[in-house]
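Structure file upload_13.cif (mmCIF, C-alpha atoms and all ligand atoms) is printed below.
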```cif
data_query
#
loop_
_atom_site.group_PDB
_atom_site.id
_atom_site.type_symbol
_atom_site.label_atom_id
_atom_site.label_comp_id
_atom_site.auth_asym_id
_atom_site.auth_seq_id
_atom_site.Cartn_x
_atom_site.Cartn_y
_atom_site.Cartn_z
ATOM 1 C CA MET Z 27 24.380 162.720 71.164
ATOM 2 C CA SER Z 28 25.371 165.094 73.941
ATOM 3 C CA ALA Z 29 23.348 168.210 74.700
ATOM 4 C CA ILE Z 30 26.276 170.639 74.685
ATOM 5 C CA ASP Z 31 27.559 169.974 71.168
ATOM 6 C CA GLY Z 32 25.799 167.086 69.425
ATOM 7 C CA LEU Z 33 28.988 164.996 69.482
ATOM 8 C CA PRO Z 34 28.829 161.434 70.882
ATOM 9 C CA PRO Z 35 28.886 160.967 74.691
ATOM 10 C CA LEU Z 36 32.420 160.595 76.060
ATOM 11 C CA ARG Z 37 31.780 157.034 77.186
ATOM 12 C CA ASP Z 38 31.125 156.123 73.522
ATOM 13 C CA VAL Z 39 34.193 158.083 72.374
ATOM 14 C CA ILE Z 40 36.373 156.124 74.800
ATOM 15 C CA ALA Z 41 34.878 152.798 73.656
ATOM 16 C CA THR Z 42 35.143 153.646 69.938
ATOM 17 C CA HIS Z 43 38.798 154.669 70.174
ATOM 18 C CA GLY Z 44 39.877 152.087 72.776
ATOM 19 C CA LEU Z 45 41.032 154.728 75.261
ATOM 20 C CA ASP Z 46 41.334 152.583 78.354
ATOM 21 C CA ALA Z 47 43.023 154.733 80.996
ATOM 22 C CA LYS Z 48 46.783 154.397 81.551
ATOM 23 C CA LYS Z 49 47.913 155.048 85.100
ATOM 24 C CA ALA Z 50 51.436 155.977 84.025
ATOM 25 C CA LEU Z 51 49.995 158.948 82.089
ATOM 26 C CA GLY Z 52 47.848 160.131 85.021
ATOM 27 C CA GLN Z 53 44.702 159.318 83.057
ATOM 28 C CA ASN Z 54 41.556 159.876 85.110
ATOM 29 C CA PHE Z 55 38.976 161.088 82.635
ATOM 30 C CA LEU Z 56 35.975 163.331 83.264
ATOM 31 C CA LEU Z 57 32.975 162.044 81.338
ATOM 32 C CA ASP Z 58 30.305 164.434 82.624
ATOM 33 C CA LEU Z 59 30.124 167.390 80.256
ATOM 34 C CA ASN Z 60 28.183 169.436 82.850
ATOM 35 C CA LEU Z 61 31.179 169.130 85.136
ATOM 36 C CA THR Z 62 33.698 169.972 82.418
ATOM 37 C CA GLN Z 63 31.581 173.053 81.619
ATOM 38 C CA LYS Z 64 31.706 174.033 85.297
ATOM 39 C CA ILE Z 65 35.520 173.889 85.145
ATOM 40 C CA ALA Z 66 35.578 175.869 81.897
ATOM 41 C CA ARG Z 67 33.305 178.511 83.477
ATOM 42 C CA ALA Z 68 35.719 178.846 86.413
ATOM 43 C CA ALA Z 69 38.191 180.310 83.887
ATOM 44 C CA GLY Z 70 35.857 183.300 83.310
ATOM 45 C CA LEU Z 71 34.900 184.694 79.930
ATOM 46 C CA LEU Z 72 36.458 182.790 77.045
ATOM 47 C CA ASN Z 73 35.233 184.739 74.019
ATOM 48 C CA GLY Z 74 38.212 185.758 71.912
ATOM 49 C CA VAL Z 75 40.603 183.937 74.289
ATOM 50 C CA THR Z 76 43.153 181.355 73.196
ATOM 51 C CA VAL Z 77 42.978 178.560 75.744
ATOM 52 C CA ILE Z 78 45.970 176.307 76.286
ATOM 53 C CA GLU Z 79 44.886 172.921 77.598
ATOM 54 C CA VAL Z 80 47.400 170.339 78.786
ATOM 55 C CA GLY Z 81 46.233 166.735 78.498
ATOM 56 C CA PRO Z 82 42.888 166.874 76.639
ATOM 57 C CA GLY Z 83 42.596 163.063 76.656
ATOM 58 C CA PRO Z 84 39.278 162.073 75.008
ATOM 59 C CA GLY Z 85 38.299 165.758 74.914
ATOM 60 C CA GLY Z 86 35.717 166.331 77.674
ATOM 61 C CA LEU Z 87 37.165 169.636 78.882
ATOM 62 C CA THR Z 88 38.176 170.617 75.339
ATOM 63 C CA ARG Z 89 34.575 170.279 74.197
ATOM 64 C CA ALA Z 90 33.336 172.366 77.122
ATOM 65 C CA LEU Z 91 35.861 175.131 76.370
ATOM 66 C CA LEU Z 92 34.821 175.237 72.713
ATOM 67 C CA ALA Z 93 31.097 175.065 73.523
ATOM 68 C CA LEU Z 94 31.593 178.023 75.876
ATOM 69 C CA ASP Z 95 32.987 180.054 72.970
ATOM 70 C CA ALA Z 96 36.731 179.940 73.547
ATOM 71 C CA GLY Z 97 38.200 181.703 70.514
ATOM 72 C CA SER Z 98 40.496 178.738 70.029
ATOM 73 C CA VAL Z 99 42.026 175.900 72.010
ATOM 74 C CA ILE Z 100 45.618 174.709 71.738
ATOM 75 C CA ALA Z 101 45.674 171.261 73.318
ATOM 76 C CA ILE Z 102 48.891 169.369 74.032
ATOM 77 C CA GLU Z 103 48.524 165.635 74.570
ATOM 78 C CA ARG Z 104 51.187 163.007 75.109
ATOM 79 C CA ASP Z 105 49.045 159.962 74.316
ATOM 80 C CA ALA Z 106 48.771 159.495 70.537
ATOM 81 C CA ARG Z 107 45.771 157.177 71.047
ATOM 82 C CA CYS Z 108 43.678 160.288 71.854
ATOM 83 C CA LEU Z 109 44.403 162.083 68.581
ATOM 84 C CA PRO Z 110 41.593 160.542 66.438
ATOM 85 C CA ALA Z 111 38.988 161.419 69.089
ATOM 86 C CA LEU Z 112 40.355 164.971 69.273
ATOM 87 C CA ALA Z 113 40.315 165.210 65.459
ATOM 88 C CA GLU Z 114 36.550 164.612 65.592
ATOM 89 C CA VAL Z 115 36.178 167.495 68.037
ATOM 90 C CA GLY Z 116 38.308 169.671 65.753
ATOM 91 C CA ALA Z 117 36.123 168.818 62.754
ATOM 92 C CA HIS Z 118 33.059 169.890 64.737
ATOM 93 C CA TYR Z 119 34.634 173.289 65.505
ATOM 94 C CA PRO Z 120 36.495 174.092 62.264
ATOM 95 C CA GLY Z 121 39.658 176.151 62.676
ATOM 96 C CA ARG Z 122 39.316 176.469 66.461
ATOM 97 C CA LEU Z 123 41.192 173.434 67.817
ATOM 98 C CA ARG Z 124 44.881 172.790 67.337
ATOM 99 C CA VAL Z 125 46.185 169.572 68.832
ATOM 100 C CA ILE Z 126 49.894 169.156 69.498
ATOM 101 C CA GLU Z 127 51.181 165.676 70.220
ATOM 102 C CA GLY Z 128 53.936 165.922 72.814
ATOM 103 C CA ASP Z 129 55.081 166.248 76.406
ATOM 104 C CA ALA Z 130 53.945 169.553 77.942
ATOM 105 C CA LEU Z 131 57.026 169.557 80.194
ATOM 106 C CA THR Z 132 59.431 169.838 77.289
ATOM 107 C CA HIS Z 133 57.420 170.914 74.257
ATOM 108 C CA GLY Z 134 56.917 174.607 73.380
ATOM 109 C CA TYR Z 135 53.267 175.389 72.715
ATOM 110 C CA ASP Z 136 52.675 179.073 73.381
ATOM 111 C CA ASP Z 137 54.918 180.840 70.867
ATOM 112 C CA GLY Z 138 53.496 183.658 68.805
ATOM 113 C CA ILE Z 139 49.929 183.592 70.128
ATOM 114 C CA ALA Z 140 48.212 186.928 69.543
ATOM 115 C CA GLY Z 141 45.575 188.156 72.011
ATOM 116 C CA PRO Z 142 44.578 186.950 75.468
ATOM 117 C CA VAL Z 143 45.630 183.509 76.678
ATOM 118 C CA LYS Z 144 44.245 181.408 79.534
ATOM 119 C CA ILE Z 145 45.535 178.027 80.669
ATOM 120 C CA VAL Z 146 42.864 175.512 81.665
ATOM 121 C CA ALA Z 147 43.579 171.860 82.433
ATOM 122 C CA ASN Z 148 42.623 168.738 84.297
ATOM 123 C CA LEU Z 149 46.288 167.994 84.840
ATOM 124 C CA PRO Z 150 47.966 164.601 84.937
ATOM 125 C CA TYR Z 151 48.853 164.322 88.639
ATOM 126 C CA ASN Z 152 52.371 163.061 88.015
ATOM 127 C CA VAL Z 153 53.470 166.245 86.230
ATOM 128 C CA GLY Z 154 50.938 168.814 87.510
ATOM 129 C CA THR Z 155 53.145 170.333 90.217
ATOM 130 C CA GLN Z 156 56.152 170.683 87.904
ATOM 131 C CA LEU Z 157 53.994 172.358 85.226
ATOM 132 C CA LEU Z 158 52.652 174.810 87.806
ATOM 133 C CA VAL Z 159 56.166 175.667 89.032
ATOM 134 C CA ASN Z 160 57.217 176.251 85.395
ATOM 135 C CA TRP Z 161 54.265 178.599 84.813
ATOM 136 C CA LEU Z 162 54.943 180.471 88.075
ATOM 137 C CA THR Z 163 58.657 181.009 87.399
ATOM 138 C CA VAL Z 164 58.369 182.003 83.741
ATOM 139 C CA GLU Z 165 60.088 185.198 82.554
ATOM 140 C CA PRO Z 166 59.266 187.925 81.790
ATOM 141 C CA TRP Z 167 56.498 188.723 84.279
ATOM 142 C CA PRO Z 168 53.561 189.452 83.982
ATOM 143 C CA PRO Z 169 53.304 186.294 81.866
ATOM 144 C CA ALA Z 170 51.548 185.760 78.541
ATOM 145 C CA TYR Z 171 48.595 184.109 80.297
ATOM 146 C CA GLN Z 172 45.747 185.941 82.073
ATOM 147 C CA SER Z 173 44.909 183.074 84.398
ATOM 148 C CA LEU Z 174 45.501 179.420 85.263
ATOM 149 C CA THR Z 175 42.476 177.223 86.026
ATOM 150 C CA LEU Z 176 43.808 173.835 87.031
ATOM 151 C CA MET Z 177 42.662 170.608 88.650
ATOM 152 C CA PHE Z 178 44.911 169.113 91.335
ATOM 153 C CA GLN Z 179 44.590 166.602 94.117
ATOM 154 C CA ARG Z 180 42.938 168.453 97.031
ATOM 155 C CA GLU Z 181 46.083 168.103 99.139
ATOM 156 C CA VAL Z 182 48.177 169.824 96.434
ATOM 157 C CA ALA Z 183 45.508 172.526 96.011
ATOM 158 C CA GLU Z 184 45.734 173.239 99.755
ATOM 159 C CA ARG Z 185 49.494 173.612 99.465
ATOM 160 C CA ILE Z 186 49.075 176.087 96.589
ATOM 161 C CA VAL Z 187 46.757 178.406 98.536
ATOM 162 C CA ALA Z 188 48.471 177.941 101.955
ATOM 163 C CA ARG Z 189 49.736 180.960 103.883
ATOM 164 C CA PRO Z 190 52.338 181.338 106.688
ATOM 165 C CA GLY Z 191 51.365 179.308 109.750
ATOM 166 C CA ASP Z 192 49.174 176.859 107.777
ATOM 167 C CA SER Z 193 50.325 173.256 108.047
ATOM 168 C CA ALA Z 194 50.277 173.037 104.219
ATOM 169 C CA TYR Z 195 52.506 176.144 103.807
ATOM 170 C CA GLY Z 196 55.646 175.338 101.821
ATOM 171 C CA ARG Z 197 57.442 175.867 98.513
ATOM 172 C CA LEU Z 198 54.253 175.827 96.408
ATOM 173 C CA GLY Z 199 52.428 178.313 98.652
ATOM 174 C CA VAL Z 200 55.378 180.717 98.541
ATOM 175 C CA LEU Z 201 55.790 180.515 94.754
ATOM 176 C CA ALA Z 202 52.046 180.786 94.057
ATOM 177 C CA GLY Z 203 51.446 183.528 96.643
ATOM 178 C CA TRP Z 204 54.475 185.498 95.455
ATOM 179 C CA ARG Z 205 53.282 185.933 91.891
ATOM 180 C CA THR Z 206 49.554 185.171 91.884
ATOM 181 C CA GLU Z 207 46.281 185.452 93.755
ATOM 182 C CA ALA Z 208 45.302 181.802 94.128
ATOM 183 C CA ARG Z 209 42.055 180.292 95.399
ATOM 184 C CA ILE Z 210 40.315 176.935 95.451
ATOM 185 C CA VAL Z 211 37.110 177.229 93.418
ATOM 186 C CA PHE Z 212 35.425 173.865 94.115
ATOM 187 C CA ASP Z 213 36.110 170.235 94.912
ATOM 188 C CA VAL Z 214 35.496 167.267 92.633
ATOM 189 C CA PRO Z 215 34.826 163.870 94.229
ATOM 190 C CA PRO Z 216 36.692 160.732 93.089
ATOM 191 C CA GLN Z 217 33.506 159.223 91.557
ATOM 192 C CA ALA Z 218 33.425 162.012 88.947
ATOM 193 C CA PHE Z 219 36.443 160.438 87.225
ATOM 194 C CA THR Z 220 36.901 157.276 85.180
ATOM 195 C CA PRO Z 221 38.686 155.462 86.707
ATOM 196 C CA PRO Z 222 38.176 157.113 90.120
ATOM 197 C CA PRO Z 223 41.403 158.226 91.837
ATOM 198 C CA LYS Z 224 41.844 157.514 95.559
ATOM 199 C CA VAL Z 225 41.484 161.150 96.648
ATOM 200 C CA THR Z 226 39.313 164.231 96.205
ATOM 201 C CA SER Z 227 40.420 166.783 93.611
ATOM 202 C CA SER Z 228 40.055 170.569 93.545
ATOM 203 C CA VAL Z 229 39.961 173.205 90.849
ATOM 204 C CA VAL Z 230 42.348 176.077 91.597
ATOM 205 C CA HIS Z 231 42.191 179.483 89.897
ATOM 206 C CA LEU Z 232 45.345 181.608 89.840
ATOM 207 C CA VAL Z 233 45.550 185.180 88.531
ATOM 208 C CA PRO Z 234 49.005 186.734 88.014
ATOM 209 C CA ARG Z 235 49.858 189.754 90.180
ATOM 210 C CA ALA Z 236 50.851 192.710 88.013
ATOM 211 C CA ASP Z 237 53.713 193.747 90.285
ATOM 212 C CA PRO Z 238 54.979 191.011 92.617
ATOM 213 C CA VAL Z 239 57.874 191.627 95.049
ATOM 214 C CA ALA Z 240 61.112 191.550 93.040
ATOM 215 C CA CYS Z 241 63.145 188.327 93.152
ATOM 216 C CA GLU Z 242 64.349 185.527 90.898
ATOM 217 C CA GLY Z 243 61.954 182.569 90.712
ATOM 218 C CA PRO Z 244 64.565 179.791 90.463
ATOM 219 C CA VAL Z 245 66.465 181.215 93.470
ATOM 220 C CA LEU Z 246 63.233 181.549 95.465
ATOM 221 C CA ALA Z 247 62.485 177.914 94.582
ATOM 222 C CA ARG Z 248 65.943 176.893 95.877
ATOM 223 C CA VAL Z 249 65.616 178.837 99.123
ATOM 224 C CA THR Z 250 62.130 177.474 99.867
ATOM 225 C CA GLN Z 251 63.195 173.944 98.941
ATOM 226 C CA ALA Z 252 66.061 174.130 101.447
ATOM 227 C CA ALA Z 253 63.983 175.838 104.165
ATOM 228 C CA PHE Z 254 60.980 173.497 103.960
ATOM 229 C CA GLY Z 255 63.102 170.422 103.196
ATOM 230 C CA GLN Z 256 63.908 170.465 106.931
ATOM 231 C CA ARG Z 257 60.824 172.346 108.129
ATOM 232 C CA ARG Z 258 61.148 171.302 111.794
ATOM 233 C CA LYS Z 259 64.688 172.703 111.989
ATOM 234 C CA MET Z 260 65.660 176.306 112.682
ATOM 235 C CA LEU Z 261 66.469 178.300 109.564
ATOM 236 C CA ARG Z 262 70.126 178.748 110.512
ATOM 237 C CA GLN Z 263 70.396 174.950 110.110
ATOM 238 C CA SER Z 264 68.128 174.330 107.106
ATOM 239 C CA LEU Z 265 69.660 177.232 105.143
ATOM 240 C CA LYS Z 266 73.259 176.431 106.130
ATOM 241 C CA ALA Z 267 74.372 175.649 102.582
ATOM 242 C CA LEU Z 268 72.958 178.967 101.334
ATOM 243 C CA GLY Z 269 74.615 181.165 103.958
ATOM 244 C CA GLY Z 270 72.931 180.120 107.219
ATOM 245 C CA GLU Z 271 73.186 182.534 110.136
ATOM 246 C CA GLU Z 272 75.052 185.218 108.177
ATOM 247 C CA LEU Z 273 72.396 185.253 105.449
ATOM 248 C CA LEU Z 274 69.551 185.435 107.965
ATOM 249 C CA THR Z 275 71.186 188.195 110.008
ATOM 250 C CA LYS Z 276 71.750 190.227 106.865
ATOM 251 C CA ALA Z 277 68.074 189.771 106.008
ATOM 252 C CA ALA Z 278 67.092 190.870 109.555
ATOM 253 C CA ILE Z 279 65.451 187.485 110.175
ATOM 254 C CA ASP Z 280 65.909 185.739 113.533
ATOM 255 C CA PRO Z 281 68.028 182.634 112.676
ATOM 256 C CA THR Z 282 66.117 180.538 115.242
ATOM 257 C CA ARG Z 283 62.814 180.905 113.372
ATOM 258 C CA ARG Z 284 61.362 178.025 111.339
ATOM 259 C CA ALA Z 285 60.405 178.102 107.665
ATOM 260 C CA GLU Z 286 56.640 177.985 108.255
ATOM 261 C CA THR Z 287 56.727 181.348 110.096
ATOM 262 C CA LEU Z 288 58.349 183.333 107.280
ATOM 263 C CA SER Z 289 56.206 185.593 105.119
ATOM 264 C CA ILE Z 290 56.490 185.473 101.344
ATOM 265 C CA GLU Z 291 58.215 188.891 101.431
ATOM 266 C CA GLU Z 292 60.846 187.514 103.847
ATOM 267 C CA PHE Z 293 61.514 184.567 101.517
ATOM 268 C CA CYS Z 294 61.924 187.049 98.651
ATOM 269 C CA THR Z 295 64.427 189.057 100.712
ATOM 270 C CA LEU Z 296 66.442 185.868 101.293
ATOM 271 C CA ALA Z 297 66.271 184.954 97.592
ATOM 272 C CA ARG Z 298 67.516 188.414 96.568
ATOM 273 C CA LEU Z 299 70.472 188.133 98.968
ATOM 274 C CA VAL Z 300 71.350 184.602 97.807
ATOM 275 C CA ALA Z 301 71.220 185.763 94.175
ATOM 276 C CA SER Z 302 73.479 188.750 94.887
ATOM 277 C CA TRP Z 303 76.002 186.608 96.810
ATOM 278 C CA ASN Z 304 76.218 184.137 93.936
ATOM 279 C CA ARG Z 305 77.032 186.823 91.344
HETATM 280 N N1 LIG Z 401 41.347 166.466 80.047
HETATM 281 C C1 LIG Z 401 40.892 165.096 80.138
HETATM 282 C C2 LIG Z 401 39.718 165.012 81.079
HETATM 283 O O1 LIG Z 401 39.508 165.981 81.818
HETATM 284 O O2 LIG Z 401 39.047 163.992 81.079
HETATM 285 C C3 LIG Z 401 42.008 164.152 80.584
HETATM 286 C C4 LIG Z 401 42.655 164.497 81.903
HETATM 287 S S1 LIG Z 401 43.772 163.252 82.493
HETATM 288 C C5 LIG Z 401 43.728 163.632 84.222
HETATM 289 C C6 LIG Z 401 45.403 163.839 82.040
HETATM 290 C C7 LIG Z 401 45.737 163.836 80.566
HETATM 291 O O3 LIG Z 401 47.068 164.336 80.402
HETATM 292 C C8 LIG Z 401 45.744 162.476 79.904
HETATM 293 O O4 LIG Z 401 45.039 162.541 78.682
HETATM 294 C C9 LIG Z 401 47.236 162.150 79.651
HETATM 295 O O5 LIG Z 401 47.458 161.331 78.531
HETATM 296 C C10 LIG Z 401 47.784 163.531 79.457
HETATM 297 N N2 LIG Z 401 49.226 163.674 79.793
HETATM 298 C C11 LIG Z 401 49.935 163.000 80.736
HETATM 299 N N3 LIG Z 401 51.196 163.446 80.805
HETATM 300 C C12 LIG Z 401 51.296 164.433 79.888
HETATM 301 C C13 LIG Z 401 52.366 165.295 79.488
HETATM 302 N N4 LIG Z 401 53.569 165.226 80.057
HETATM 303 N N5 LIG Z 401 52.122 166.203 78.504
HETATM 304 C C14 LIG Z 401 50.896 166.284 77.923
HETATM 305 N N6 LIG Z 401 49.854 165.506 78.264
HETATM 306 C C15 LIG Z 401 50.037 164.599 79.243
#
```
Whole structure, structure tokens version:
Amino acid sequence: MSAIDGLPPLRDVIATHGLDAKKALGQNFLLDLNLTQKIARAAGLLNGVTVIEVGPGPGGLTRALLALDAGSVIAIERDARCLPALAEVGAHYPGRLRVIEGDALTHGYDDGIAGPVKIVANLPYNVGTQLLVNWLTVEPWPPAYQSLTLMFQREVAERIVARPGDSAYGRLGVLAGWRTEARIVFDVPPQAFTPPPKVTSSVVHLVPRADPVACEGPVLARVTQAAFGQRRKMLRQSLKALGGEELLTKAAIDPTRRAETLSIEEFCTLARLVASWNR
């Protein structure tokens, strides 16, 4: 029995339900409930909060969230093999866990939730970046969620918190910095996972800004994709298809600059111009 909730240890849960990890589903499980509690704590107070968790797997983080008094957890999992294990967690916390079987990229899971919402997840690496971009470009803003507390590969985490001039600065840093305050909370070594991935992971905490600079997320994503897609080139070249020199001059940005020198506000100015030209 585990100390946090009296349920069986995760190693036993995995053995009982035959949950050998599938690489294609990004399955690297956390079996240490002290560590999953540390991640849950990084999300701040959970009392009365509805937590959305993507990819609960055998339920290590889910159990930590519930043990730390999350009002309820809505967990969306693609692998049907995990559902019986999650049903046992649900039975232990009656009425507080709702499991949805499906793909978080395409399945709606946050309709009609009353009260505060936080998103907490040890994300599958193959879809983590796309999920983050979806959460950052959602409309209307401020979003329904109060915060995102997410595990990524360390290299992706560095891109999320990167600022102009950093070597990791790119599309993710612009999108995350535009609409949120993002920081790396702590690192998690490969040995903490079963099976261990090749690289270190990091937990990132993002809090939405109440009033970010105005611009359209999908257009900002397009502009940054083009600019950083050829990051060694001058902007007049990399942004040619979006208006090139004329666009940059209109935005009062020197066309010979490179993407990594532009502030988030300057990218927003470009995105607003591109959006207005396309109307
Ligand atoms: N939360 C568990 C933990 O911390 O041990 C498992 C994390 S594991 C890194 C990622 C989980 O996401 C797996 O359980 C996997 O089956 C699930 N998953 C993968 N792709 C998914 C998708 N598109 N939608 C929902 N869940 C997904």
Selection dump of the PyMOL selection byres (((chain Z and resi 60-77) around 10) and not hetatm), as a count of residues only: 55
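Those residues returned by the PyMOL selection byres (((chain Z and resi 131) around 10) and not hetatm) for this file are Z:Val80, Z:Gly128, Z:Asp129, Z:Ala130, Z:Thr132, Z:His133, Z:Gly134, Z:Val153, Z:Gly154, Z:Gln156, Z:Leu157, Z:Asn160.
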Under the PyMOL selection byres (((chain Z and resi 184-188) around 6) and not hetatm), which residues of this model are included? Write them out as a ChimeraX atom specification. /Z:181-183,189,192,194-195,198-199,208-209
Counting all atoms listed in the file, what is within 8 Å of segment 105-108 of chain Z, bar same-chain residues fewer than 4 positions away, as a VMD selection string? chain Z and resid 43 to 45 51 83 to 84 112 127 to 128
Let me make sure I understand: among Z:Ser264, Z:Ser28, Z:Asn152, Z:Ser289, which one has the smallest atom-to-atom distance to ligand LIG 401 (chain Z) if we use all atoms listed in the file?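 So, comparing all the options, the nearest one is Z:Asn152.
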Report as AutoDock Vina command-line options the centre and the edge lengths, in Å to one decimal, of the axis-aligned box holding every listed atom of segment 214-224 of chain Z, padded by 4 Å on each side.
```
--center_x 37.6 --center_y 161.4 --center_z 90.4 --size_x 16.4 --size_y 19.8 --size_z 18.4
```
Under the rule that only C-alpha atoms and all ligand atoms are counted, which of Z:Asp31, Z:Glu103, Z:Glu271, Z:Asp46 is the nearest residue to ligand LIG 401 (chain Z)? Z:Glu103
List every protein, DNA or RNA residue that has at least one atom no more than 10 Å from (60.3, 173.2, 109.6) in the file's coordinates, counting all atoms listed in the file, and write the result as a VMD selection string. chain Z and resid 196 253 to 261 264 283 to 287
Residues as selected, C-alpha atoms, written as a CSV table (one decimal), in the coordinates of the input, can you do that?
```csv
chain,number,residue,atom,x,y,z
Z,196,GLY,CA,55.6,175.3,101.8
Z,253,ALA,CA,64.0,175.8,104.2
Z,254,PHE,CA,61.0,173.5,104.0
Z,255,GLY,CA,63.1,170.4,103.2
Z,256,GLN,CA,63.9,170.5,106.9
Z,257,ARG,CA,60.8,172.3,108.1
Z,258,ARG,CA,61.1,171.3,111.8
Z,259,LYS,CA,64.7,172.7,112.0
Z,260,MET,CA,65.7,176.3,112.7
Z,261,LEU,CA,66.5,178.3,109.6
Z,264,SER,CA,68.1,174.3,107.1
Z,283,ARG,CA,62.8,180.9,113.4
Z,284,ARG,CA,61.4,178.0,111.3
Z,285,ALA,CA,60.4,178.1,107.7
Z,286,GLU,CA,56.6,178.0,108.3
Z,287,THR,CA,56.7,181.3,110.1
```
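Among the candidate residues Z:Ala236, Z:Leu149, Z:Leu162, Z:Ala170, the one lying nearest to ligand LIG 401 (chain Z) is Z:Leu149, with distances computed using all atoms listed in the file.
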For ligand LIG 401 (chain Z), which of Z:Arg180, Z:Ala202, Z:Tyr119, Z:Phe219 is the closest residue, counting only C-alpha atoms and all ligand atoms? Z:Phe219
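With distances taken over all atoms listed in the file, Z:Ile102 is the one residue among Z:Ile102, Z:Met27, Z:Ala41, Z:Val200 lying closest to ligand LIG 401 (chain Z).
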For Asp237 of chain Z, please output as a compact mmCIF listing (two decimals) with C-alpha atoms, keeping the file's coordinate frame all residues within 12 Å (counting all atoms listed in the file; exclusion window: fewer than 4 positions along the same chain).
```
# COMPACT_ATOMS: atom_id res chain seq x y z
CA PRO Z 166 59.27 187.92 81.79
CA TRP Z 167 56.50 188.72 84.28
CA PRO Z 168 53.56 189.45 83.98
CA PRO Z 169 53.30 186.29 81.87
CA TRP Z 204 54.48 185.50 95.46
CA ARG Z 205 53.28 185.93 91.89
CA THR Z 206 49.55 185.17 91.88
CA GLU Z 207 46.28 185.45 93.76
CA VAL Z 233 45.55 185.18 88.53
CA CYS Z 241 63.14 188.33 93.15
```
Work out how far apart atom CA of Glu292 of chain Z and atom CA of Val159 of chain Z are and give it in Å to one decimal. 19.5 Å
Just to confirm, what's the straight-line distance from atom CA of Gly243 of chain Z to atom CA of Leu274 of chain Z in Å (one decimal)?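 If I compute the distance from atom CA of Gly243 of chain Z to atom CA of Leu274 of chain Z, I get 19.1 Å.
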Quick one: everything within 12 Å of Ala277 of chain Z, counting all atoms listed in the file, minus sequence neighbours fewer than 2 positions away in the same chain. Send it as a ChimeraX atom specification. /Z:269-275,279-281,288,291-300
Can you work out which one of Z:Arg104, Z:Arg197, Z:Arg37, Z:Lys48 has the shortest atom-to-atom distance to ligand LIG 401 (chain Z), counting all atoms listed in the file? Z:Arg104
Computed interatomic separation between atom CA of Gln263 of chain Z and atom CA of Pro238 of chain Z (Å):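 Between atom CA of Gln263 of chain Z and atom CA of Pro238 of chain Z the gap is 28.3 Å.
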